[in-house]
>>> print(open('model_37.tsv').read())   # TSV, C-alpha atoms
chain	number	residue	atom	x	y	z
A	1392	MET	CA	2.25	13.84	6.81
A	1393	THR	CA	3.28	15.78	3.72
A	1394	GLY	CA	5.05	14.64	0.58
A	1395	THR	CA	4.33	11.72	-1.66
A	1396	ARG	CA	3.62	8.28	-0.35
A	1397	PRO	CA	4.57	5.88	-3.16
A	1398	VAL	CA	3.59	3.00	-0.90
A	1399	SER	CA	0.39	3.34	1.07
A	1400	ALA	CA	-0.10	1.95	4.58
A	1401	VAL	CA	-2.63	-0.72	3.52
A	1402	PRO	CA	-0.38	-2.58	1.03
A	1403	MET	CA	2.46	-2.22	3.51
A	1404	GLY	CA	0.29	-3.84	6.19
A	1405	ILE	CA	-0.74	-6.67	3.84
A	1406	ILE	CA	2.83	-7.44	2.76
A	1407	ALA	CA	4.04	-7.25	6.37
A	1408	GLY	CA	1.28	-9.62	7.46
A	1409	ILE	CA	2.13	-12.22	4.81
A	1410	LEU	CA	5.88	-11.98	5.48
A	1411	ALA	CA	5.43	-12.18	9.26
A	1412	VAL	CA	3.40	-15.39	9.00
A	1413	ALA	CA	5.65	-16.86	6.28
A	1414	ALA	CA	8.76	-16.24	8.40
A	1415	GLY	CA	7.35	-18.42	11.15
A	1416	SER	CA	5.83	-21.10	8.91
A	1417	PHE	CA	8.40	-21.51	6.14
A	1418	PHE	CA	11.66	-19.94	7.33
A	1419	ASP	CA	12.19	-21.50	10.76
A	1420	VAL	CA	11.61	-18.32	12.79
A	1421	ARG	CA	10.18	-20.43	15.60
A	1422	PRO	CA	9.64	-21.41	18.37
A	1423	PRO	CA	7.94	-19.48	19.94
A	1424	GLU	CA	4.88	-19.38	17.70
A	1425	ALA	CA	3.93	-16.17	15.89
A	1426	TYR	CA	7.50	-14.90	16.12
A	1427	GLY	CA	7.97	-13.84	12.50
A	1428	VAL	CA	8.34	-10.12	13.09
A	1429	CYS	CA	8.91	-8.46	16.46
A	1430	MET	CA	11.05	-5.39	16.84
A	1431	ALA	CA	11.50	-5.84	20.61
A	1432	CYS	CA	12.06	-9.61	20.90
A	1433	HIS	CA	14.29	-9.75	17.83
A	1434	ALA	CA	16.39	-6.82	19.07
A	1435	ARG	CA	16.62	-8.57	22.43
A	1436	ASP	CA	17.79	-11.79	20.75
A	1437	LEU	CA	20.41	-9.90	18.76
A	1438	VAL	CA	21.79	-8.01	21.79
A	1439	ASN	CA	21.76	-10.96	24.18
A	1440	TRP	CA	23.18	-13.43	21.64
A	1441	THR	CA	26.03	-11.03	20.86
A	1442	LEU	CA	26.76	-10.34	24.53
A	1443	ASN	CA	26.60	-14.06	25.34
A	1444	GLY	CA	29.18	-14.71	22.64
A	1445	VAL	CA	31.49	-11.77	23.35
A	1446	VAL	CA	31.48	-11.39	27.14
A	1447	ARG	CA	30.18	-14.87	28.08
A	1448	THR	CA	26.98	-13.74	29.76
A	1449	HIS	CA	23.97	-16.07	29.98
A	1450	LEU	CA	21.17	-13.75	28.94
A	1451	ASP	CA	17.92	-15.21	27.62
A	1452	VAL	CA	17.52	-15.79	23.88
A	1453	ALA	CA	14.46	-17.20	22.10
A	1454	PRO	CA	14.92	-20.78	20.77
A	1455	ALA	CA	14.69	-19.43	17.20
A	1456	SER	CA	17.87	-17.43	17.83
A	1457	LEU	CA	19.94	-20.03	19.68
A	1458	PHE	CA	22.54	-20.77	16.99
A	1459	PHE	CA	22.38	-17.58	15.02
A	1460	PRO	CA	20.22	-14.58	15.96
A	1461	VAL	CA	17.34	-13.18	13.93
A	1462	LEU	CA	18.45	-10.03	12.11
A	1463	THR	CA	15.17	-8.14	11.66
A	1464	PRO	CA	16.33	-4.90	13.38
A	1465	ILE	CA	19.44	-4.64	11.19
A	1466	GLY	CA	17.38	-5.41	8.08
A	1467	VAL	CA	14.81	-2.73	8.92
A	1468	LEU	CA	17.56	-0.15	9.50
A	1469	ILE	CA	19.21	-0.99	6.16
A	1470	GLY	CA	15.90	-1.05	4.28
A	1471	ALA	CA	14.79	2.28	5.71
A	1472	LEU	CA	18.22	3.78	5.01
A	1473	ILE	CA	18.01	2.68	1.36
A	1474	ALA	CA	14.49	4.11	1.09
A	1475	SER	CA	15.39	7.44	2.70
A	1476	LYS	CA	18.60	7.83	0.69
A	1477	THR	CA	16.98	7.03	-2.66
A	1478	SER	CA	14.02	9.33	-1.97
A	1479	GLY	CA	16.20	12.15	-0.63
A	1480	GLU	CA	14.45	12.09	2.74
A	1481	PHE	CA	17.58	11.29	4.72
A	1482	ARG	CA	18.46	14.28	6.91
A	1483	TRP	CA	20.32	14.52	10.21
A	1484	GLN	CA	17.87	16.03	12.66
A	1485	LYS	CA	18.64	17.58	15.99
A	1486	PRO	CA	17.03	15.72	18.87
A	1487	ASP	CA	14.38	17.31	21.08
A	1488	SER	CA	15.78	15.47	24.04
A	1489	SER	CA	18.11	12.52	23.67
A	1490	VAL	CA	17.95	11.61	27.36
A	1491	LYS	CA	14.16	11.44	27.27
A	1492	ALA	CA	14.19	9.34	24.09
A	1493	PHE	CA	16.81	7.04	25.64
A	1494	LEU	CA	14.57	6.51	28.70
A	1495	TYR	CA	11.51	5.93	26.49
A	1496	GLY	CA	13.51	3.24	24.69
A	1497	ILE	CA	14.41	1.49	27.95
A	1498	PHE	CA	10.80	1.57	29.13
A	1499	VAL	CA	9.23	0.38	25.88
A	1500	MET	CA	11.68	-2.53	25.66
A	1501	ASN	CA	10.98	-3.60	29.25
A	1502	PHE	CA	7.20	-3.35	28.85
A	1503	ALA	CA	7.39	-5.20	25.53
A	1504	LEU	CA	9.42	-8.07	26.98
A	1505	LEU	CA	6.97	-8.24	29.88
A	1506	ALA	CA	4.04	-8.50	27.47
A	1507	GLY	CA	5.93	-10.84	25.14
A	1508	GLY	CA	6.04	-8.64	22.08
A	1509	CYS	CA	6.13	-5.15	20.63
A	1510	SER	CA	3.04	-3.66	19.03
A	1511	ILE	CA	3.62	-5.74	15.87
A	1512	ARG	CA	3.98	-9.10	17.59
A	1513	LEU	CA	1.08	-8.49	19.98
A	1514	LEU	CA	-1.16	-8.09	16.93
A	1515	LEU	CA	0.50	-11.06	15.22
A	1516	ARG	CA	-0.17	-13.26	18.26
A	1517	THR	CA	-3.76	-12.04	18.32
A	1518	ALA	CA	-4.11	-12.98	14.64
A	1519	ALA	CA	-2.65	-16.42	15.39
A	1520	GLY	CA	-5.45	-16.98	17.88
A	1521	GLU	CA	-3.51	-16.66	21.13
A	1522	ALA	CA	-5.67	-15.37	23.99
A	1523	LEU	CA	-2.71	-13.82	25.77
A	1524	GLY	CA	-1.80	-11.93	22.60
A	1525	LEU	CA	-5.28	-10.45	22.42
A	1526	ILE	CA	-5.07	-9.43	26.07
A	1527	GLY	CA	-1.73	-7.72	25.46
A	1528	PHE	CA	-3.00	-6.03	22.33
A	1529	GLY	CA	-6.07	-4.79	24.23
A	1530	GLY	CA	-3.81	-3.38	26.93
A	1531	MET	CA	-1.76	-1.67	24.25
A	1532	VAL	CA	-4.80	-0.05	22.63
A	1533	ILE	CA	-5.90	1.30	26.02
A	1534	GLY	CA	-2.35	2.56	26.60
A	1535	VAL	CA	-2.26	4.37	23.25
A	1536	VAL	CA	-5.69	5.96	23.80
A	1537	LEU	CA	-4.78	7.18	27.31
A	1538	GLY	CA	-1.35	8.32	26.10
A	1539	THR	CA	-3.02	10.32	23.33
A	1540	PHE	CA	-5.44	11.91	25.82
A	1541	TRP	CA	-2.47	12.80	28.00
A	1542	LEU	CA	-0.64	14.41	25.06
A	1543	ARG	CA	-3.74	16.39	24.14
A	1544	TRP	CA	-4.32	17.49	27.74
A	1545	ARG	CA	-0.69	18.59	28.05
A	1546	ALA	CA	-0.93	20.56	24.82
A	1547	THR	CA	-3.87	22.57	26.17
A	1548	GLN	CA	-2.09	23.54	29.40
B	974	MET	CA	20.83	-19.88	9.66
B	975	THR	CA	17.59	-19.90	7.64
B	976	ALA	CA	15.92	-17.76	10.30
B	977	ALA	CA	18.76	-15.25	10.33
B	978	ILE	CA	18.88	-14.84	6.53
B	979	SER	CA	15.11	-14.71	6.09
B	980	THR	CA	14.58	-12.17	8.88
B	981	PHE	CA	17.40	-10.06	7.43
B	982	ILE	CA	15.73	-9.98	4.00
B	983	ILE	CA	12.24	-9.52	5.44
B	984	GLY	CA	13.64	-6.71	7.59
B	985	ILE	CA	15.03	-4.92	4.54
B	986	ILE	CA	11.68	-5.22	2.72
B	987	LEU	CA	9.71	-4.00	5.75
B	988	GLY	CA	12.20	-1.21	6.46
B	989	TYR	CA	11.97	0.01	2.87
B	990	LEU	CA	8.16	-0.15	2.76
B	991	GLY	CA	7.92	1.30	6.27
B	992	GLN	CA	9.95	4.33	5.26
B	993	ARG	CA	7.93	4.89	2.09
B	994	SER	CA	4.53	4.43	3.78
B	995	ARG	CA	5.39	6.01	7.19
B	996	MET	CA	3.76	2.98	8.75
B	997	CYS	CA	3.47	2.96	12.53
B	998	PHE	CA	1.69	0.37	14.63
B	999	VAL	CA	0.60	2.72	17.41
B	1000	GLY	CA	0.31	5.88	15.31
B	1001	GLY	CA	-2.88	4.64	13.66
B	1002	ILE	CA	-4.80	4.53	16.92
B	1003	ARG	CA	-3.26	7.85	18.03
B	1004	ASP	CA	-4.16	9.64	14.78
B	1005	PHE	CA	-7.69	8.28	14.92
B	1006	VAL	CA	-8.22	9.47	18.50
B	1007	LEU	CA	-6.62	12.85	17.85
B	1008	VAL	CA	-7.90	13.92	14.44
B	1009	ARG	CA	-10.00	10.97	13.14
B	1010	ASP	CA	-7.31	10.29	10.51
B	1011	THR	CA	-7.55	6.63	9.41
B	1012	TYR	CA	-4.52	6.38	7.08
B	1013	LEU	CA	-2.24	4.52	9.52
B	1014	LEU	CA	-5.13	2.75	11.25
B	1015	ARG	CA	-6.09	1.10	7.95
B	1016	GLY	CA	-2.51	-0.19	7.65
B	1017	LEU	CA	-2.72	-1.66	11.16
B	1018	ILE	CA	-6.03	-3.37	10.42
B	1019	ALA	CA	-4.71	-4.63	7.06
B	1020	PHE	CA	-1.75	-6.20	8.87
B	1021	GLY	CA	-3.93	-7.91	11.46
B	1022	LEU	CA	-6.50	-9.20	8.95
B	1023	THR	CA	-3.85	-10.46	6.53
B	1024	ALA	CA	-2.01	-12.33	9.27
B	1025	TRP	CA	-5.29	-13.73	10.57
B	1026	LEU	CA	-6.10	-15.10	7.09
B	1027	THR	CA	-2.56	-16.24	6.30
B	1028	PHE	CA	-2.04	-18.35	9.45
B	1029	PRO	CA	-4.72	-20.95	8.55
B	1030	MET	CA	-3.64	-20.90	4.88
B	1031	THR	CA	-0.02	-21.79	5.68
B	1032	GLY	CA	-1.42	-24.43	8.03
B	1033	LEU	CA	-3.28	-25.94	5.06
B	1034	ILE	CA	-0.23	-25.82	2.80
B	1035	LEU	CA	2.02	-27.44	5.39
B	1036	GLY	CA	-0.69	-29.78	6.61
B	1037	SER	CA	0.21	-28.91	10.17
B	1038	ARG	CA	-1.99	-28.75	13.22
B	1039	PRO	CA	-3.28	-25.37	14.36
B	1040	LEU	CA	-0.87	-23.43	16.55
B	1041	SER	CA	-1.05	-24.53	20.14
B	1042	PHE	CA	-0.72	-22.10	23.00
B	1043	THR	CA	-0.53	-22.81	26.69
B	1044	ASN	CA	-3.47	-21.69	28.78
B	1045	PRO	CA	-2.50	-18.45	30.51
B	1046	ASP	CA	-2.67	-18.21	34.29
B	1047	GLY	CA	-3.74	-15.13	36.26
B	1048	VAL	CA	-0.24	-13.75	36.77
B	1049	ALA	CA	0.60	-14.02	33.08
B	1050	VAL	CA	-2.64	-12.22	32.18
B	1051	LEU	CA	-1.90	-9.34	34.58
B	1052	LEU	CA	1.71	-9.00	33.42
B	1053	THR	CA	0.65	-9.07	29.77
B	1054	ILE	CA	-2.02	-6.39	30.29
B	1055	PHE	CA	0.45	-4.25	32.24
B	1056	GLY	CA	3.19	-4.76	29.65
B	1057	GLY	CA	0.87	-4.11	26.73
B	1058	PHE	CA	-0.45	-0.96	28.38
B	1059	GLY	CA	3.11	0.27	28.96
B	1060	VAL	CA	4.10	-0.44	25.35
B	1061	GLY	CA	1.14	1.59	24.09
B	1062	TYR	CA	1.43	4.46	26.55
B	1063	VAL	CA	5.18	5.03	26.36
B	1064	SER	CA	5.27	4.46	22.57
B	1065	THR	CA	2.67	7.21	22.20
B	1066	LEU	CA	4.79	9.58	24.31
B	1067	ALA	CA	7.87	8.56	22.32
B	1068	ASN	CA	6.00	9.44	19.11
B	1069	GLY	CA	6.06	6.03	17.44
B	1070	CYS	CA	6.17	2.27	17.89
B	1071	PRO	CA	9.55	0.45	17.97
B	1072	PHE	CA	9.29	-0.28	14.23
B	1073	ARG	CA	8.73	3.40	13.41
B	1074	GLN	CA	11.64	4.37	15.67
B	1075	HIS	CA	13.96	2.03	13.71
B	1076	VAL	CA	12.82	3.66	10.45
B	1077	LEU	CA	13.23	7.19	11.83
B	1078	ALA	CA	16.70	6.35	13.18
B	1079	ALA	CA	17.72	5.19	9.69
B	1080	GLN	CA	16.37	8.49	8.33
B	1081	GLY	CA	18.75	10.44	10.52
B	1082	VAL	CA	16.44	11.43	13.38
B	1083	ARG	CA	18.87	11.65	16.27
B	1084	SER	CA	16.34	11.27	19.08
B	1085	SER	CA	15.26	7.96	17.54
B	1086	ILE	CA	18.89	6.84	17.57
B	1087	ALA	CA	18.98	7.68	21.29
B	1088	TYR	CA	15.71	5.76	21.65
B	1089	LEU	CA	17.27	2.71	19.98
B	1090	ALA	CA	20.27	2.89	22.30
B	1091	GLY	CA	17.86	2.82	25.23
B	1092	PHE	CA	15.89	0.06	23.52
B	1093	LEU	CA	18.94	-2.21	23.30
B	1094	ALA	CA	20.07	-1.33	26.82
B	1095	GLY	CA	16.54	-2.11	27.98
B	1096	ALA	CA	16.87	-5.72	26.81
B	1097	VAL	CA	19.94	-6.24	29.00
B	1098	ILE	CA	18.29	-4.43	31.93
B	1099	PHE	CA	15.20	-6.62	31.64
B	1100	HIS	CA	17.01	-9.94	31.58
B	1101	SER	CA	19.67	-8.95	34.13
B	1102	TRP	CA	17.50	-7.32	36.78
B	1103	ILE	CA	13.78	-6.99	36.08
B	1104	GLU	CA	13.10	-10.63	35.16
B	1105	PRO	CA	15.05	-12.16	38.12
B	1106	LEU	CA	13.28	-9.68	40.41
B	1107	LEU	CA	9.87	-10.70	39.06
B	1108	LEU	CA	10.66	-14.41	39.28
B	1109	ARG	CA	11.64	-13.92	42.91
B	1110	PHE	CA	8.54	-12.07	44.03
B	1111	LEU	CA	5.84	-13.60	41.84
B	1112	PRO	CA	4.34	-17.04	42.50
>>> encode(input="model_37.tsv", output="structure tokens")
Amino acid sequence: MTGTRPVSAVPMGIIAGILAVAAGSFFDVRPPEAYGVCMACHARDLVNWTLNGVVRTHLDVAPASLFFPVLTPIGVLIGALIASKTSGEFRWQKPDSSVKAFLYGIFVMNFALLAGGCSIRLLLRTAAGEALGLIGFGGMVIGVVLGTFWLRWRATQ
Amino acid sequence: MTAAISTFIIGIILGYLGQRSRMCFVGGIRDFVLVRDTYLLRGLIAFGLTAWLTFPMTGLILGSRPLSFTNPDGVAVLLTIFGGFGVGYVSTLANGCPFRQHVLAAQGVRSSIAYLAGFLAGAVIFHSWIEPLLLRFLP
């Protein structure tokens, strides 16, 4: 948490909130509802749509991505790359453990698809007034709190 | 095509802002529990509040009915709690939500690139094995 933060988290959250709702309401990123931004579901759409086209599988894709997939993950990677390159923060870093990170990725994606959204979309669904979204978001908050306790406990051992 | 182009552009904007602000959607809760730091938590709350206010406003502009959601049954509630819990717990261990991992991967953090590889593989695993398994054993 050092260095300058030209953009603070609050304006980032506000802009993200407006764009996430606008994507669903004005730019056809639906159905399902409240689907404007989701790192897990959109990555799933992108992977499954590509595999379906290339190796003729029949993996699930959200209706919004039937003809052409949503490209949020690629956009985020490009945007963050531009930001890190222009600010000089881009640096190849050695991994702590690639295998562990790989497994974390598998697990988070599976849990997210089970809940119907990553942390962003669970909150977006909650904001849209969906009861199930609130339930998922509540589960996520409990998960983060327990995970943090676990990290703290492990650090004291 | 509209959805693809708009999400691509929105993704670039969010990726850029996310890198500059270090935004993370689980990190806020973690930092608050650990050290009572509210920087990221305020971003999370700002996102939720803005979306909550923007949904009815776009409804007014478009003159559309409020969003309709199906009533969840017991199984869906349990799966959603379990899934949400897993997202929160494992994301905390992995040191960031999926969005933050995308940003870190684009910054050259190699473990986040490994995370993303697992993330994409996870989608195929879920729809090839986990989902059929669940559909078979759940009512």
>>> atom_distance(input="model_37.tsv", atom1="CA of Val1401 in chain A", atom2="CA of Ala1519 in chain A")
19.7 Å
>>> closest_residue(input="model_37.tsv", among="A:Met1403, A:Ala1425, A:Val1461, A:Ile1409", to="Glu1521 in chain A", atoms="all atoms listed in the file")
A:Ala1425
>>> atom_distance(input="model_37.tsv", atom1="CA of Met1030 in chain B", atom2="CA of Thr1011 in chain B")
28.2 Å
>>> residues_around(input="model_37.tsv", residues="Trp1025 in chain B", least_positions_apart="2", cutoff="10 Å", atoms="all atoms listed in the file", output="JSON, numbers by chain")
{"A": [1408, 1409, 1412, 1514, 1515, 1516, 1517, 1518, 1519, 1520], "B": [1019, 1020, 1021, 1022, 1023, 1027, 1028, 1029, 1030]}
>>> closest_residue(input="model_37.tsv", among="B:Ile1054, B:Leu1033, B:Leu1111, B:Leu1014", to="chain A", atoms="only C-alpha atoms")
B:Ile1054
>>> axis_aligned_box(input="model_37.tsv", around="range 1480-1498 of chain A", padding_each_side="6 Å", output="AutoDock Vina command-line options")
--center_x 15.6 --center_y 9.5 --center_z 15.9 --size_x 21.5 --size_y 28.1 --size_z 38.4
>>> closest_residue(input="model_37.tsv", among="A:Ser1489, A:Asn1501, A:Thr1448, A:Ser1416", to="Arg1435 in chain A", atoms="all atoms listed in the file")
A:Asn1501
>>> atom_distance(input="model_37.tsv", atom1="CA of Gly1404 in chain A", atom2="CA of Arg1482 in chain A")
25.7 Å
>>> closest_residue(input="model_37.tsv", among="A:Ala1455, A:Val1467, A:Cys1429, A:Leu1542", to="chain B", atoms="only C-alpha atoms")
A:Val1467
>>> closest_residue(input="model_37.tsv", among="A:Ser1478, A:Thr1547, A:Thr1441, A:Thr1463", to="chain B", atoms="all atoms listed in the file")
A:Thr1463
>>> residues_around(input="model_37.tsv", residues="Trp1483 in chain A", least_positions_apart="6", cutoff="10 Å", atoms="all atoms listed in the file", output="PyMOL selection string")
chain B and resi 1078-1083
>>> residues_around(input="model_37.tsv", residues="Phe1417 in chain A", least_positions_apart="5", cutoff="10 Å", atoms="all atoms listed in the file", output="PyMOL selection string")
(chain A and resi 1410+1412+1427) or (chain B and resi 975-976+979+1031+1035)
>>> closest_residue(input="model_37.tsv", among="B:Val999, B:Leu1077, B:Gly1069, B:Leu1052", to="Leu1108 in chain B", atoms="all atoms listed in the file")
B:Leu1052
>>> residues_around(input="model_37.tsv", residues="Ile1469 in chain A", least_positions_apart="3", cutoff="10 Å", atoms="all atoms listed in the file", output="list in words")
Thr1463, Pro1464, Ile1465, Gly1466, Leu1472, Ile1473, Ala1474 and Ser1475 of chain A; Phe981, Ile982, Gly984, Ile985, Ile986, Leu987, Gly988, Tyr989, His1075, Val1076 and Ala1079 of chain B
>>> residues_around(input="model_37.tsv", residues="Pro1112 in chain B", least_positions_apart="6", cutoff="12 Å", atoms="all atoms listed in the file", output="ChimeraX atom specification")
/B:1046-1049,1106
>>> decode(input="model_37.tsv", residues="range 1000-1098 of chain B", atoms="C-alpha atoms", output="CSV table (one decimal), in the first residue's frame")
chain,number,residue,atom,x,y,z
B,1000,GLY,CA,-9.5,-6.9,0.2
B,1001,GLY,CA,-11.7,-4.3,1.8
B,1002,ILE,CA,-13.3,-6.6,4.2
B,1003,ARG,CA,-9.9,-8.4,4.8
B,1004,ASP,CA,-8.1,-5.1,5.5
B,1005,PHE,CA,-10.9,-3.9,7.8
B,1006,VAL,CA,-10.8,-7.2,9.9
B,1007,LEU,CA,-7.0,-7.3,10.0
B,1008,VAL,CA,-5.9,-3.7,10.6
B,1009,ARG,CA,-9.2,-1.6,10.6
B,1010,ASP,CA,-8.1,0.0,7.3
B,1011,THR,CA,-11.1,1.2,5.4
B,1012,TYR,CA,-9.6,2.4,2.1
B,1013,LEU,CA,-10.7,-0.6,0.0
B,1014,LEU,CA,-13.9,-1.1,2.0
B,1015,ARG,CA,-15.0,2.4,1.1
B,1016,GLY,CA,-14.5,1.5,-2.6
B,1017,LEU,CA,-16.6,-1.7,-2.1
B,1018,ILE,CA,-19.4,0.2,-0.4
B,1019,ALA,CA,-19.3,3.0,-3.0
B,1020,PHE,CA,-19.7,0.3,-5.8
B,1021,GLY,CA,-22.7,-1.3,-4.0
B,1022,LEU,CA,-24.4,2.0,-3.2
B,1023,THR,CA,-23.9,3.5,-6.7
B,1024,ALA,CA,-25.3,0.3,-8.4
B,1025,TRP,CA,-28.2,0.3,-6.0
B,1026,LEU,CA,-29.1,3.9,-6.9
B,1027,THR,CA,-28.3,3.5,-10.6
B,1028,PHE,CA,-30.6,0.5,-11.2
B,1029,PRO,CA,-33.9,2.3,-10.5
B,1030,MET,CA,-32.6,5.4,-12.4
B,1031,THR,CA,-32.0,3.4,-15.6
B,1032,GLY,CA,-35.4,1.9,-15.0
B,1033,LEU,CA,-36.9,5.3,-15.0
B,1034,ILE,CA,-35.0,6.4,-18.2
B,1035,LEU,CA,-35.9,3.3,-20.1
B,1036,GLY,CA,-39.4,3.2,-18.6
B,1037,SER,CA,-39.0,-0.5,-17.9
B,1038,ARG,CA,-40.4,-2.6,-15.2
B,1039,PRO,CA,-38.3,-3.4,-12.2
B,1040,LEU,CA,-36.0,-6.4,-12.6
B,1041,SER,CA,-37.7,-9.6,-12.0
B,1042,PHE,CA,-36.1,-12.5,-10.3
B,1043,THR,CA,-37.3,-16.0,-9.7
B,1044,ASN,CA,-38.1,-17.0,-6.2
B,1045,PRO,CA,-35.2,-19.1,-4.9
B,1046,ASP,CA,-35.8,-22.6,-3.6
B,1047,GLY,CA,-34.0,-24.3,-0.7
B,1048,VAL,CA,-31.3,-26.0,-2.8
B,1049,ALA,CA,-30.4,-22.8,-4.7
B,1050,VAL,CA,-30.1,-20.9,-1.4
B,1051,LEU,CA,-27.8,-23.6,0.1
B,1052,LEU,CA,-25.6,-23.7,-3.1
B,1053,THR,CA,-25.4,-20.0,-3.3
B,1054,ILE,CA,-24.4,-19.6,0.4
B,1055,PHE,CA,-21.8,-22.4,-0.1
B,1056,GLY,CA,-20.5,-20.9,-3.3
B,1057,GLY,CA,-20.4,-17.4,-1.9
B,1058,PHE,CA,-18.5,-18.6,1.2
B,1059,GLY,CA,-16.0,-20.5,-1.0
B,1060,VAL,CA,-15.5,-17.4,-3.2
B,1061,GLY,CA,-14.7,-15.3,-0.1
B,1062,TYR,CA,-12.6,-17.8,1.7
B,1063,VAL,CA,-10.4,-18.9,-1.2
B,1064,SER,CA,-10.1,-15.4,-2.6
B,1065,THR,CA,-8.7,-14.3,0.8
B,1066,LEU,CA,-6.2,-17.1,0.8
B,1067,ALA,CA,-5.3,-16.2,-2.9
B,1068,ASN,CA,-4.7,-12.6,-1.8
B,1069,GLY,CA,-7.3,-10.9,-3.9
B,1070,CYS,CA,-10.7,-11.2,-5.7
B,1071,PRO,CA,-10.8,-12.4,-9.4
B,1072,PHE,CA,-10.8,-8.7,-10.6
B,1073,ARG,CA,-7.6,-7.9,-8.6
B,1074,GLN,CA,-6.0,-11.1,-9.9
B,1075,HIS,CA,-6.6,-10.0,-13.5
B,1076,VAL,CA,-5.0,-6.6,-12.7
B,1077,LEU,CA,-2.0,-8.2,-10.9
B,1078,ALA,CA,-1.5,-10.6,-13.8
B,1079,ALA,CA,-1.4,-7.6,-16.2
B,1080,GLN,CA,1.2,-6.0,-13.9
B,1081,GLY,CA,3.5,-9.0,-14.3
B,1082,VAL,CA,2.8,-10.9,-11.1
B,1083,ARG,CA,3.4,-14.5,-12.2
B,1084,SER,CA,1.4,-16.2,-9.5
B,1085,SER,CA,-1.6,-14.3,-10.6
B,1086,ILE,CA,-1.0,-15.5,-14.2
B,1087,ALA,CA,-1.0,-19.1,-12.8
B,1088,TYR,CA,-4.2,-18.2,-10.9
B,1089,LEU,CA,-5.8,-17.0,-14.1
B,1090,ALA,CA,-4.8,-20.2,-15.9
B,1091,GLY,CA,-6.5,-22.1,-13.1
B,1092,PHE,CA,-9.5,-19.7,-13.3
B,1093,LEU,CA,-10.1,-20.5,-17.0
B,1094,ALA,CA,-9.5,-24.2,-16.5
B,1095,GLY,CA,-12.0,-24.0,-13.6
B,1096,ALA,CA,-14.8,-22.9,-15.9
B,1097,VAL,CA,-14.3,-26.0,-18.1
B,1098,ILE,CA,-14.1,-28.2,-15.1
